[in-house]
Each structure stands twice: as C-alpha cells, then as structure tokens.
file input-v9.pdb (PDB, C-alpha atoms)
ATOM      1  CA  MET A 128      -7.453  25.974 -15.411
ATOM      2  CA  TYR A 129      -7.724  22.361 -16.557
ATOM      3  CA  ASP A 130     -10.016  20.096 -14.573
ATOM      4  CA  ILE A 131      -8.879  16.802 -13.030
ATOM      5  CA  GLY A 132     -10.397  14.731 -15.836
ATOM      6  CA  VAL A 133      -8.295  16.502 -18.475
ATOM      7  CA  ARG A 134      -5.170  16.098 -16.380
ATOM      8  CA  GLU A 135      -5.801  12.397 -15.794
ATOM      9  CA  ARG A 136      -6.348  11.771 -19.504
ATOM     10  CA  ALA A 137      -3.073  13.502 -20.371
ATOM     11  CA  LEU A 138      -1.179  11.453 -17.782
ATOM     12  CA  ALA A 139      -2.861   8.286 -19.062
ATOM     13  CA  LEU A 140      -1.418   9.008 -22.523
ATOM     14  CA  ILE A 141       2.029   9.486 -20.993
ATOM     15  CA  ALA A 142       1.633   6.168 -19.140
ATOM     16  CA  THR A 143       1.257   4.364 -22.492
ATOM     17  CA  GLY A 144       4.774   5.407 -23.447
ATOM     18  CA  ARG A 145       3.928   8.545 -25.421
ATOM     19  CA  SER A 146       6.343  11.468 -25.308
ATOM     20  CA  LEU A 147       5.533  14.805 -23.711
ATOM     21  CA  ASN A 148       5.845  16.439 -27.115
ATOM     22  CA  SER A 149       3.313  14.136 -28.836
ATOM     23  CA  VAL A 150       0.783  14.392 -26.011
ATOM     24  CA  SER A 151       1.170  18.171 -25.979
ATOM     25  CA  LYS A 152       0.481  18.368 -29.722
ATOM     26  CA  GLU A 153      -2.562  16.104 -29.480
ATOM     27  CA  THR A 154      -4.165  17.800 -26.473
ATOM     28  CA  GLY A 155      -3.015  21.391 -26.947
ATOM     29  CA  ILE A 156      -1.640  21.403 -23.398
ATOM     30  CA  SER A 157       1.868  22.708 -22.811
ATOM     31  CA  ARG A 158       4.638  20.270 -22.010
ATOM     32  CA  ALA A 159       5.456  22.252 -18.868
ATOM     33  CA  ALA A 160       1.907  21.779 -17.571
ATOM     34  CA  ILE A 161       1.920  18.039 -18.253
ATOM     35  CA  ARG A 162       5.345  17.712 -16.633
ATOM     36  CA  ALA A 163       4.047  19.537 -13.551
ATOM     37  CA  TRP A 164       1.002  17.244 -13.391
ATOM     38  CA  GLN A 165       3.351  14.244 -13.211
ATOM     39  CA  VAL A 166       4.481  15.648  -9.868
ATOM     40  CA  ARG A 167       1.167  17.047  -8.622
ATOM     41  CA  ILE A 168      -2.083  16.500 -10.469
ATOM     42  CA  GLU A 169      -4.448  18.573  -8.344
ATOM     43  CA  PRO A 170      -4.652  22.385  -8.761
ATOM     44  CA  LEU A 171      -2.825  24.447  -6.190
ATOM     45  CA  PRO A 172      -5.145  26.110  -3.655
ATOM     46  CA  ARG A 173      -5.782  29.732  -4.611
ATOM     47  CA  LEU A 174      -6.919  30.870  -1.217
ATOM     48  CA  LEU A 175      -5.334  30.359   2.162
ATOM     49  CA  GLY A 176      -7.266  27.750   4.102
ATOM     50  CA  GLN A 177      -9.007  26.316   1.049
ATOM     51  CA  ALA A 178      -7.794  22.785   1.827
ATOM     52  CA  ALA A 179      -9.596  20.893   4.564
ATOM     53  CA  PRO A 180      -7.717  20.772   7.869
ATOM     54  CA  CYS A 181      -5.732  17.675   8.754
ATOM     55  CA  PRO A 182      -7.407  15.696  11.561
ATOM     56  CA  ARG A 183      -4.037  15.337  13.295
ATOM     57  CA  CYS A 184      -3.347  19.100  13.171
ATOM     58  CA  ARG A 185      -6.517  20.200  14.943
ATOM     59  CA  PRO A 186      -6.369  21.640  18.478
ATOM     60  CA  GLU A 187      -7.659  18.227  19.578
ATOM     61  CA  PRO A 188      -6.025  15.718  17.186
ATOM     62  CA  ALA A 189      -8.390  13.083  15.831
ATOM     63  CA  ALA A 190      -8.184   9.984  13.664
ATOM     64  CA  PRO A 191      -8.981  10.087   9.941
ATOM     65  CA  GLN A 192     -12.707   9.821   9.317
ATOM     66  CA  ASP A 193     -12.485   6.599   7.267
ATOM     67  CA  THR A 194     -10.584   4.409   9.725
ATOM     68  CA  PRO A 195     -10.976   1.097   7.799
ATOM     69  CA  ALA A 196      -9.418   2.722   4.716
ATOM     70  CA  TYR A 197      -6.651   4.148   6.894
ATOM     71  CA  ALA A 198      -5.843   0.725   8.390
ATOM     72  CA  TYR A 199      -5.558  -0.729   4.876
ATOM     73  CA  LEU A 200      -3.455   2.185   3.616
ATOM     74  CA  LEU A 201      -1.193   1.925   6.672
ATOM     75  CA  GLY A 202      -0.490  -1.700   5.743
ATOM     76  CA  LEU A 203       0.284  -0.709   2.149
ATOM     77  CA  TYR A 204       2.572   2.094   3.322
ATOM     78  CA  LEU A 205       4.518  -0.080   5.738
ATOM     79  CA  GLY A 206       4.979  -2.712   3.042
ATOM     80  CA  ASP A 207       5.678  -0.875  -0.216
ATOM     81  CA  GLY A 208       5.218   2.800   0.533
ATOM     82  CA  CYS A 209       7.385   5.841   1.085
ATOM     83  CA  ILE A 210       7.004   9.563   1.700
ATOM     84  CA  SER A 211       9.334  12.127   0.167
ATOM     85  CA  ALA A 212       9.571  15.901   0.423
ATOM     86  CA  HIS A 213       8.382  17.954  -2.542
ATOM     87  CA  PRO A 214      10.504  20.879  -3.800
ATOM     88  CA  ARG A 215       7.468  23.181  -3.636
ATOM     89  CA  GLY A 216       6.640  22.182  -0.078
ATOM     90  CA  GLY A 217       4.520  19.379   1.273
ATOM     91  CA  HIS A 218       5.151  15.708   0.643
ATOM     92  CA  GLN A 219       4.368  12.931  -1.793
ATOM     93  CA  LEU A 220       2.998   9.596  -0.613
ATOM     94  CA  ARG A 221       3.985   6.850  -3.055
ATOM     95  CA  ILE A 222       2.852   3.217  -2.999
ATOM     96  CA  ALA A 223       4.482   0.763  -5.411
ATOM     97  CA  CYS A 224       2.003  -1.640  -7.052
ATOM     98  CA  ALA A 225       2.897  -4.293  -9.628
ATOM     99  CA  ASP A 226       1.320  -3.979 -13.078
ATOM    100  CA  ALA A 227       0.044  -7.558 -12.680
ATOM    101  CA  TRP A 228      -2.501  -6.460 -10.061
ATOM    102  CA  PRO A 229      -4.788  -3.764 -11.550
ATOM    103  CA  GLY A 230      -7.355  -4.398  -8.811
ATOM    104  CA  LEU A 231      -4.718  -3.596  -6.188
ATOM    105  CA  ILE A 232      -3.869  -0.342  -7.985
ATOM    106  CA  ASP A 233      -7.527   0.693  -7.900
ATOM    107  CA  ALA A 234      -7.881  -0.325  -4.242
ATOM    108  CA  CYS A 235      -4.808   1.716  -3.349
ATOM    109  CA  ARG A 236      -6.110   4.828  -5.100
ATOM    110  CA  THR A 237      -9.488   4.418  -3.411
ATOM    111  CA  ALA A 238      -7.860   4.095   0.021
ATOM    112  CA  ILE A 239      -5.800   7.248  -0.506
ATOM    113  CA  THR A 240      -8.764   9.368  -1.579
ATOM    114  CA  SER A 241     -10.892   7.913   1.237
ATOM    115  CA  VAL A 242      -8.316   8.925   3.838
ATOM    116  CA  ARG A 243      -7.621  12.326   2.252
ATOM    117  CA  PRO A 244     -10.477  13.298  -0.107
ATOM    118  CA  GLU A 245      -8.742  16.655  -0.610
ATOM    119  CA  ASP A 246      -5.600  15.030  -2.077
ATOM    120  CA  SER A 247      -6.096  13.193  -5.356
ATOM    121  CA  ALA A 248      -4.165  10.047  -6.278
ATOM    122  CA  TYR A 249      -2.609   9.524  -9.675
ATOM    123  CA  ILE A 250      -0.432   6.895 -11.342
ATOM    124  CA  LEU A 251       3.175   7.203 -12.483
ATOM    125  CA  GLN A 252       4.233   4.303 -14.696
ATOM    126  CA  LYS A 253       7.559   2.640 -13.935
ATOM    127  CA  GLN A 254       9.152  -0.477 -15.383
ATOM    128  CA  GLY A 255       7.036  -3.410 -14.208
ATOM    129  CA  CYS A 256       5.052  -1.377 -11.704
ATOM    130  CA  VAL A 257       3.210   1.851 -11.075
ATOM    131  CA  MET A 258       3.677   4.338  -8.289
ATOM    132  CA  VAL A 259       0.298   5.364  -6.913
ATOM    133  CA  THR A 260       1.141   8.902  -5.853
ATOM    134  CA  SER A 261      -0.568  11.602  -3.856
ATOM    135  CA  TYR A 262       0.731  15.087  -3.058
ATOM    136  CA  GLY A 263      -0.322  16.750   0.164
ATOM    137  CA  ARG A 264       0.917  18.687   3.165
ATOM    138  CA  HIS A 265      -0.225  16.249   5.832
ATOM    139  CA  TRP A 266       0.971  12.766   4.844
ATOM    140  CA  THR A 267       3.734  12.944   7.450
ATOM    141  CA  CYS A 268       1.089  13.794  10.066
ATOM    142  CA  LEU A 269      -0.928  10.729   9.072
ATOM    143  CA  PHE A 270       2.114   8.450   8.820
ATOM    144  CA  PRO A 271       4.508   9.547  11.594
ATOM    145  CA  GLN A 272       6.635   6.449  10.875
ATOM    146  CA  HIS A 273       8.180   8.503   8.041
ATOM    147  CA  GLY A 274      11.830   9.338   8.556
ATOM    148  CA  PRO A 275      15.242   9.408   6.890
ATOM    149  CA  GLY A 276      16.596   6.143   5.504
ATOM    150  CA  ARG A 277      14.913   2.847   4.802
ATOM    151  CA  LYS A 278      12.186   1.541   7.081
ATOM    152  CA  HIS A 279      14.193  -1.508   8.180
ATOM    153  CA  GLU A 280      17.030   0.796   9.285
ATOM    154  CA  ARG A 281      14.910   2.728  11.777
ATOM    155  CA  THR A 282      12.445   1.924  14.539
ATOM    156  CA  ILE A 283       8.843   1.476  13.409
ATOM    157  CA  VAL A 284       6.337   1.911  16.243
ATOM    158  CA  LEU A 285       2.663   2.781  15.959
ATOM    159  CA  GLN A 286       1.355   5.719  17.916
ATOM    160  CA  ALA A 287      -1.521   5.165  20.322
ATOM    161  CA  TRP A 288      -4.162   6.516  17.924
ATOM    162  CA  GLN A 289      -2.856   4.214  15.170
ATOM    163  CA  GLU A 290      -2.918   1.220  17.503
ATOM    164  CA  ARG A 291      -6.579   1.899  18.264
ATOM    165  CA  ILE A 292      -7.364   1.900  14.536
ATOM    166  CA  VAL A 293      -5.389  -1.299  13.899
ATOM    167  CA  HIS A 294      -7.113  -3.063  16.799
ATOM    168  CA  ALA A 295     -10.525  -1.956  15.518
ATOM    169  CA  HIS A 296      -9.773  -2.888  11.890
ATOM    170  CA  SER A 297      -7.191  -5.640  12.168
ATOM    171  CA  TRP A 298      -8.220  -7.470   8.992
ATOM    172  CA  GLU A 299      -7.931  -4.316   6.893
ATOM    173  CA  PHE A 300      -4.414  -3.778   8.289
ATOM    174  CA  VAL A 301      -3.390  -7.362   7.517
ATOM    175  CA  ARG A 302      -4.908  -7.100   4.045
ATOM    176  CA  GLY A 303      -2.800  -4.019   3.335
ATOM    177  CA  LEU A 304       0.365  -5.793   4.453
ATOM    178  CA  ILE A 305      -0.424  -8.897   2.376
ATOM    179  CA  HIS A 306      -1.330  -6.803  -0.674
ATOM    180  CA  SER A 307       2.017  -5.002  -0.427
ATOM    181  CA  ASP A 308       4.635  -7.478   0.774
ATOM    182  CA  GLY A 309       2.667 -10.727   0.785
ATOM    183  CA  CYS A 310       0.963 -13.219  -1.476
ATOM    184  CA  ARG A 311      -1.307 -16.244  -1.602
ATOM    185  CA  VAL A 312       0.166 -19.226  -3.448
ATOM    186  CA  THR A 313      -0.699 -22.845  -4.134
ATOM    187  CA  ASN A 314       1.938 -25.262  -2.881
ATOM    188  CA  TRP A 315       2.104 -28.930  -3.737
ATOM    189  CA  THR A 316       3.669 -32.094  -2.385
ATOM    190  CA  THR A 317       3.536 -35.823  -3.093
ATOM    191  CA  ARG A 318       2.682 -38.725  -0.833
ATOM    192  CA  VAL A 319       2.675 -42.461  -1.290
ATOM    193  CA  VAL A 320      -0.808 -43.853  -0.625
ATOM    194  CA  ARG A 321      -1.277 -47.632  -0.889
ATOM    195  CA  GLY A 322       1.803 -47.911  -2.998
ATOM    196  CA  GLU A 323       0.824 -45.093  -5.372
ATOM    197  CA  ARG A 324       2.446 -41.653  -5.318
ATOM    198  CA  LYS A 325      -0.174 -38.895  -5.397
ATOM    199  CA  ARG A 326       0.133 -35.139  -5.721
ATOM    200  CA  TYR A 327      -1.579 -32.862  -3.205
ATOM    201  CA  GLU A 328      -2.067 -29.114  -3.545
ATOM    202  CA  TYR A 329      -2.781 -26.690  -0.733
ATOM    203  CA  PRO A 330      -3.016 -22.871  -0.442
ATOM    204  CA  ARG A 331      -0.599 -20.881   1.649
ATOM    205  CA  TYR A 332       0.036 -17.236   2.554
ATOM    206  CA  PHE A 333       3.451 -15.587   2.753
ATOM    207  CA  PHE A 334       4.571 -12.207   4.068
ATOM    208  CA  THR A 335       8.164 -11.036   3.679
ATOM    209  CA  ASN A 336       9.753  -7.900   5.095
ATOM    210  CA  THR A 337      13.226  -6.862   6.213
ATOM    211  CA  SER A 338      12.018  -4.730   9.127
ATOM    212  CA  THR A 339      11.671  -6.818  12.271
ATOM    213  CA  ASP A 340       9.344  -4.145  13.675
ATOM    214  CA  ILE A 341       6.954  -4.414  10.726
ATOM    215  CA  VAL A 342       7.075  -8.216  10.871
ATOM    216  CA  ARG A 343       6.209  -8.026  14.569
ATOM    217  CA  LEU A 344       3.243  -5.752  13.854
ATOM    218  CA  PHE A 345       2.047  -8.323  11.324
ATOM    219  CA  THR A 346       2.462 -11.375  13.562
ATOM    220  CA  ASP A 347       1.034  -9.640  16.653
ATOM    221  CA  THR A 348      -2.075  -8.833  14.626
ATOM    222  CA  LEU A 349      -2.316 -12.429  13.375
ATOM    223  CA  ASP A 350      -2.098 -13.642  16.983
ATOM    224  CA  ARG A 351      -4.938 -11.333  17.952
ATOM    225  CA  LEU A 352      -7.027 -12.671  15.052
ATOM    226  CA  GLY A 353      -6.351 -16.313  15.923
ATOM    227  CA  VAL A 354      -4.248 -17.044  12.818
ATOM    228  CA  GLU A 355      -1.442 -19.586  13.272
ATOM    229  CA  TRP A 356       1.856 -18.728  11.603
ATOM    230  CA  ARG A 357       5.538 -19.593  11.560
ATOM    231  CA  THR A 358       8.702 -18.057  10.156
ATOM    232  CA  LEU A 359      10.758 -19.796   7.488
ATOM    233  CA  HIS A 360      14.444 -20.578   7.886
ATOM    234  CA  GLN A 361      16.370 -18.623   5.242
ATOM    235  CA  ARG A 362      19.776 -17.067   4.825
ATOM    236  CA  ARG A 363      18.720 -13.642   3.575
ATOM    237  CA  ALA A 364      18.097 -10.743   5.940
ATOM    238  CA  ALA A 365      14.382 -10.506   5.219
ATOM    239  CA  VAL A 366      11.965 -12.466   7.393
ATOM    240  CA  THR A 367       9.249 -14.568   5.746
ATOM    241  CA  VAL A 368       6.108 -15.446   7.685
ATOM    242  CA  SER A 369       4.082 -18.432   6.483
ATOM    243  CA  VAL A 370       0.423 -19.231   7.146
ATOM    244  CA  ALA A 371      -0.254 -22.824   6.072
ATOM    245  CA  ARG A 372      -2.602 -24.406   8.622
ATOM    246  CA  ARG A 373      -5.894 -25.253   6.951
ATOM    247  CA  ALA A 374      -8.093 -23.426   9.452
ATOM    248  CA  SER A 375      -5.863 -20.340   9.399
ATOM    249  CA  VAL A 376      -5.721 -20.266   5.604
ATOM    250  CA  ALA A 377      -9.520 -20.516   5.508
ATOM    251  CA  LEU A 378      -9.719 -17.585   7.922
ATOM    252  CA  MET A 379      -7.345 -15.563   5.748
ATOM    253  CA  ASP A 380      -9.321 -16.478   2.626
ATOM    254  CA  ALA A 381     -12.507 -15.204   4.232
ATOM    255  CA  HIS A 382     -10.986 -11.779   4.885
ATOM    256  CA  ILE A 383      -8.011 -11.375   2.514
ATOM    257  CA  GLY A 384      -8.002 -13.614  -0.540
ATOM    258  CA  PRO A 385      -5.532 -13.446  -3.432
ATOM    259  CA  LYS A 386      -4.424 -10.241  -5.106
ATOM    260  CA  TYR A 387      -6.292  -9.291  -8.248
TER
END

call {"tool": "encode", "arguments": {"input": "input-v9.pdb", "output": "structure tokens"}}
result
Amino acid sequence: MYDIGVRERALALIATGRSLNSVSKETGISRAAIRAWQVRIEPLPRLLGQAAPCPRCRPEPAAPQDTPAYAYLLGLYLGDGCISAHPRGGHQLRIACADAWPGLIDACRTAITSVRPEDSAYILQKQGCVMVTSYGRHWTCLFPQHGPGRKHERTIVLQAWQERIVHAHSWEFVRGLIHSDGCRVTNWTTRVVRGERKRYEYPRYFFTNTSTDIVRLFTDTLDRLGVEWRTLHQRRAAVTVSVARRASVALMDAHIGPKY
C-alpha cells in the first residue's frame, strides 16, 4: 500500500499537466491507481469501524471539535463549495479556489483536515482554479445544507448547532464567505480641492452571491459584529454587499484582510 506522501507526489505531477502514462512510467505506479487517487487519495479502511465516528452521528450529536475551523469552512462551502455523491459510497466535499490565491488553497486544506482529521484533502487542478477535495462518509452530516440543485435554488438555513458555532466564531464565518465569494479592493475617485482635481484611493470589501439566504446570513453576521454595509443596485440576479465606511473597513482589515 502506498503512503499518503507517495500519492500526493503522484497527484502533484498530474497537476503540472503530465499524462497518467508518463507519471506511471516515472513512478512505477499503475495508471489505475493514480486515476483512483484523483477521486480518493486516502486508503480505504480495512476494518469496520476503523474511521473515527462522526460527531453528528453519535447517540448525543455534538459539534466538530475544531469549531473555529468549522465556521471558516462553512463560509467557504456556502460560497464556493459543493458536495456530490461518490460511486463507491460516501461523498466528496469540493471547494473551488482560484490559482491566484495559493494561501487560500492552503487555508482551505487546513480547515478541512482540522474539521475531519480522518479525511485527507487533496487538489484537483482545473482551468484557472483548483478543487480542494475531500472524500468522506460524513460531509452531508456536517453540512446539512447539501441538497439537489444549486444553492440559490433551495432554502439555506443553519441548524441550531451551526448557529451556535457561527455566533461564537463570527469573524471566522465572515472570513470564509469573503475568501470564497468576496474580495478586498482599492477604489478611487477624484475631487476638486482649491481648484485642483486630486485623486483619492480607499479600500472596500465586496461580497456577491445569488442566494438571498446566504446573503442574509452574511449581513446578519455583519450586523452582529457592528460592520456597516449596503447593497449595490445592479441588474443581474446576484446580490452584491459593499463595506466602504472607514471604521467598518478597518474592522474588517483587523479580522479578514485581503486574499493571499
């Protein structure tokens, strides 16, 4: 059995654009094995009960142990994540992260393995982005918002245990939403001062999502944190929330900051 390090190195070669055939010849690993690792990188449990129990499946359901990491991962999932069934059983959690933000990719992988240390996270390269992916049998337990269709086409409501986590770790939740469907930009404008036109720059945060439920979760959390916001007038279906007040931007900078 190949260890995780060997599997990750093989997938890293594939991510550079190499073919299955060339990687197989270089490493001595069969193409079938590498292809299987692209779907699930961790070894299958050999013994019944080898995997750690899901905190939500216990006789008395509990929250994940690392609640700050869960709040952040929940924000990432609601923004750019999805869960799909796996042909062999279980589910895959996938979070889309742009290639331009390697720090975000690392933070996403860390959050996944912090929430479920038993389920490893690996990267599948796509055009312009990577899918940070984790196979497991309990992702639907941890993210009950999963369902058929797109998120903006169904109701998104947090369960009571999730609400307690979001209230306790509101900044982590907001950071996950901003890191997925938001950004920090520098806007500029001009003003005439004593007859001379001058350019002024100022930072601003944006969050855009098509689901009104997810937007409401975002703005309700901002209200609780004392961050002033407003929605932009636009013709498209998605809603864009702007944070531009100096004090609110400073508060966001202290806890969120730009992507990296």

call {"tool": "residues_around", "arguments": {"input": "input-v9.pdb", "residues": "range 192-205 of chain A", "least_positions_apart": "3", "cutoff": "8 Å", "atoms": "all atoms listed in the file", "output": "list in words"}}
result
Gly208, Cys209, Ile222, Cys235, Ala238, Ile239, Ser241, Val242, Phe270, Lys278, Ile292, Val293, His296, Ser297, Glu299, Phe300, Val301, Arg302, Gly303, Leu304, Ile305, His306, Ser307 and Ile341 of chain A

call {"tool": "residues_around", "arguments": {"input": "input-v9.pdb", "residues": "Trp266 in chain A", "least_positions_apart": "2", "cutoff": "12 Å", "atoms": "all atoms listed in the file", "output": "ChimeraX atom specification"}}
result
/A:181-184,191,197,200-201,204,208-213,217-221,239,242-243,245-246,260-264,268-274

call {"tool": "write_last_selection", "arguments": {"input": "input-v9.pdb", "atoms": "C-alpha atoms", "output": "mmCIF file, keeping the file's coordinate frame"}}
result
data_model
loop_
_atom_site.group_PDB
_atom_site.id
_atom_site.type_symbol
_atom_site.label_atom_id
_atom_site.label_comp_id
_atom_site.auth_asym_id
_atom_site.auth_seq_id
_atom_site.Cartn_x
_atom_site.Cartn_y
_atom_site.Cartn_z
ATOM 1 C CA CYS A 181 -5.732 17.675 8.754
ATOM 2 C CA PRO A 182 -7.407 15.696 11.561
ATOM 3 C CA ARG A 183 -4.037 15.337 13.295
ATOM 4 C CA CYS A 184 -3.347 19.100 13.171
ATOM 5 C CA PRO A 191 -8.981 10.087 9.941
ATOM 6 C CA TYR A 197 -6.651 4.148 6.894
ATOM 7 C CA LEU A 200 -3.455 2.185 3.616
ATOM 8 C CA LEU A 201 -1.193 1.925 6.672
ATOM 9 C CA TYR A 204 2.572 2.094 3.322
ATOM 10 C CA GLY A 208 5.218 2.800 0.533
ATOM 11 C CA CYS A 209 7.385 5.841 1.085
ATOM 12 C CA ILE A 210 7.004 9.563 1.700
ATOM 13 C CA SER A 211 9.334 12.127 0.167
ATOM 14 C CA ALA A 212 9.571 15.901 0.423
ATOM 15 C CA HIS A 213 8.382 17.954 -2.542
ATOM 16 C CA GLY A 217 4.520 19.379 1.273
ATOM 17 C CA HIS A 218 5.151 15.708 0.643
ATOM 18 C CA GLN A 219 4.368 12.931 -1.793
ATOM 19 C CA LEU A 220 2.998 9.596 -0.613
ATOM 20 C CA ARG A 221 3.985 6.850 -3.055
ATOM 21 C CA ILE A 239 -5.800 7.248 -0.506
ATOM 22 C CA VAL A 242 -8.316 8.925 3.838
ATOM 23 C CA ARG A 243 -7.621 12.326 2.252
ATOM 24 C CA GLU A 245 -8.742 16.655 -0.610
ATOM 25 C CA ASP A 246 -5.600 15.030 -2.077
ATOM 26 C CA THR A 260 1.141 8.902 -5.853
ATOM 27 C CA SER A 261 -0.568 11.602 -3.856
ATOM 28 C CA TYR A 262 0.731 15.087 -3.058
ATOM 29 C CA GLY A 263 -0.322 16.750 0.164
ATOM 30 C CA ARG A 264 0.917 18.687 3.165
ATOM 31 C CA CYS A 268 1.089 13.794 10.066
ATOM 32 C CA LEU A 269 -0.928 10.729 9.072
ATOM 33 C CA PHE A 270 2.114 8.450 8.820
ATOM 34 C CA PRO A 271 4.508 9.547 11.594
ATOM 35 C CA GLN A 272 6.635 6.449 10.875
ATOM 36 C CA HIS A 273 8.180 8.503 8.041
ATOM 37 C CA GLY A 274 11.830 9.338 8.556
#

call {"tool": "resolve_selection", "arguments": {"input": "input-v9.pdb", "expression": "the PyMOL selection byres ((chain A and resi 349) around 12)", "output": "compact mmCIF listing (two decimals) with C-alpha atoms, in the coordinates of the input"}}
result
# COMPACT_ATOMS: atom_id res chain seq x y z
CA VAL A 293 -5.39 -1.30 13.90
CA HIS A 294 -7.11 -3.06 16.80
CA SER A 297 -7.19 -5.64 12.17
CA TRP A 298 -8.22 -7.47 8.99
CA GLU A 299 -7.93 -4.32 6.89
CA PHE A 300 -4.41 -3.78 8.29
CA VAL A 301 -3.39 -7.36 7.52
CA ARG A 302 -4.91 -7.10 4.04
CA LEU A 304 0.36 -5.79 4.45
CA ILE A 305 -0.42 -8.90 2.38
CA PHE A 334 4.57 -12.21 4.07
CA VAL A 342 7.08 -8.22 10.87
CA ARG A 343 6.21 -8.03 14.57
CA LEU A 344 3.24 -5.75 13.85
CA PHE A 345 2.05 -8.32 11.32
CA THR A 346 2.46 -11.38 13.56
CA ASP A 347 1.03 -9.64 16.65
CA THR A 348 -2.08 -8.83 14.63
CA ASP A 350 -2.10 -13.64 16.98
CA ARG A 351 -4.94 -11.33 17.95
CA LEU A 352 -7.03 -12.67 15.05
CA GLY A 353 -6.35 -16.31 15.92
CA VAL A 354 -4.25 -17.04 12.82
CA GLU A 355 -1.44 -19.59 13.27
CA TRP A 356 1.86 -18.73 11.60
CA ARG A 357 5.54 -19.59 11.56
CA VAL A 368 6.11 -15.45 7.68
CA SER A 369 4.08 -18.43 6.48
CA VAL A 370 0.42 -19.23 7.15
CA SER A 375 -5.86 -20.34 9.40
CA VAL A 376 -5.72 -20.27 5.60
CA LEU A 378 -9.72 -17.58 7.92
CA MET A 379 -7.34 -15.56 5.75

call {"tool": "closest_residue", "arguments": {"input": "input-v9.pdb", "among": "A:Gly322, A:Gly276, A:Pro186, A:Gly309", "to": "Asp207 in chain A", "atoms": "all atoms listed in the file"}}
result
A:Gly309

call {"tool": "closest_residue", "arguments": {"input": "input-v9.pdb", "among": "A:Lys386, A:Arg134, A:Arg236, A:His279", "to": "Arg162 in chain A", "atoms": "only C-alpha atoms"}}
result
A:Arg134

call {"tool": "axis_aligned_box", "arguments": {"input": "input-v9.pdb", "around": "range 196-215 of chain A", "padding_each_side": "8 Å", "output": "AutoDock Vina command-line options"}}
result
--center_x 0.5 --center_y 10.2 --center_z 2.3 --size_x 35.9 --size_y 41.9 --size_z 28.2

call {"tool": "residues_around", "arguments": {"input": "input-v9.pdb", "residues": "Arg311 in chain A", "least_positions_apart": "3", "cutoff": "9 Å", "atoms": "only C-alpha atoms", "output": "VMD selection string"}}
result
chain A and resid 305 330 to 333 384 to 386

call {"tool": "residues_near_point", "arguments": {"input": "input-v9.pdb", "point": "(4.0, 2.4, -5.6)", "cutoff": "6 Å", "atoms": "only C-alpha atoms", "output": "JSON list (two decimals) with C-alpha atoms, in the coordinates of the input"}}
result
[["chain", "number", "residue", "atom", "x", "y", "z"],
["A", 221, "ARG", "CA", 3.98, 6.85, -3.06],
["A", 222, "ILE", "CA", 2.85, 3.22, -3.00],
["A", 223, "ALA", "CA", 4.48, 0.76, -5.41],
["A", 224, "CYS", "CA", 2.00, -1.64, -7.05],
["A", 257, "VAL", "CA", 3.21, 1.85, -11.08],
["A", 258, "MET", "CA", 3.68, 4.34, -8.29],
["A", 259, "VAL", "CA", 0.30, 5.36, -6.91]]

call {"tool": "residues_around", "arguments": {"input": "input-v9.pdb", "residues": "Tyr129 in chain A", "least_positions_apart": "2", "cutoff": "12 Å", "atoms": "all atoms listed in the file", "output": "PyMOL selection string"}}
result
chain A and resi 131-137+154-157+160-161+164+168-171

call {"tool": "resolve_selection", "arguments": {"input": "input-v9.pdb", "expression": "the PyMOL selection byres ((chain A and resi 365) around 7)", "output": "PyMOL selection string"}}
result
chain A and resi 335-337+363-364+366-367

call {"tool": "resolve_selection", "arguments": {"input": "input-v9.pdb", "expression": "the PyMOL selection byres ((chain A and resi 283) around 7)", "output": "PyMOL selection string"}}
result
chain A and resi 272+281-282+284-285+340-341

call {"tool": "closest_residue", "arguments": {"input": "input-v9.pdb", "among": "A:Cys310, A:Leu231, A:Ala139, A:Leu251", "to": "Val166 in chain A", "atoms": "all atoms listed in the file"}}
result
A:Leu251

call {"tool": "atom_distance", "arguments": {"input": "input-v9.pdb", "atom1": "CA of Ser146 in chain A", "atom2": "CA of Arg158 in chain A"}}
result
9.6 Å

call {"tool": "atom_distance", "arguments": {"input": "input-v9.pdb", "atom1": "CA of Tyr387 in chain A", "atom2": "CA of Gly230 in chain A"}}
result
5.0 Å
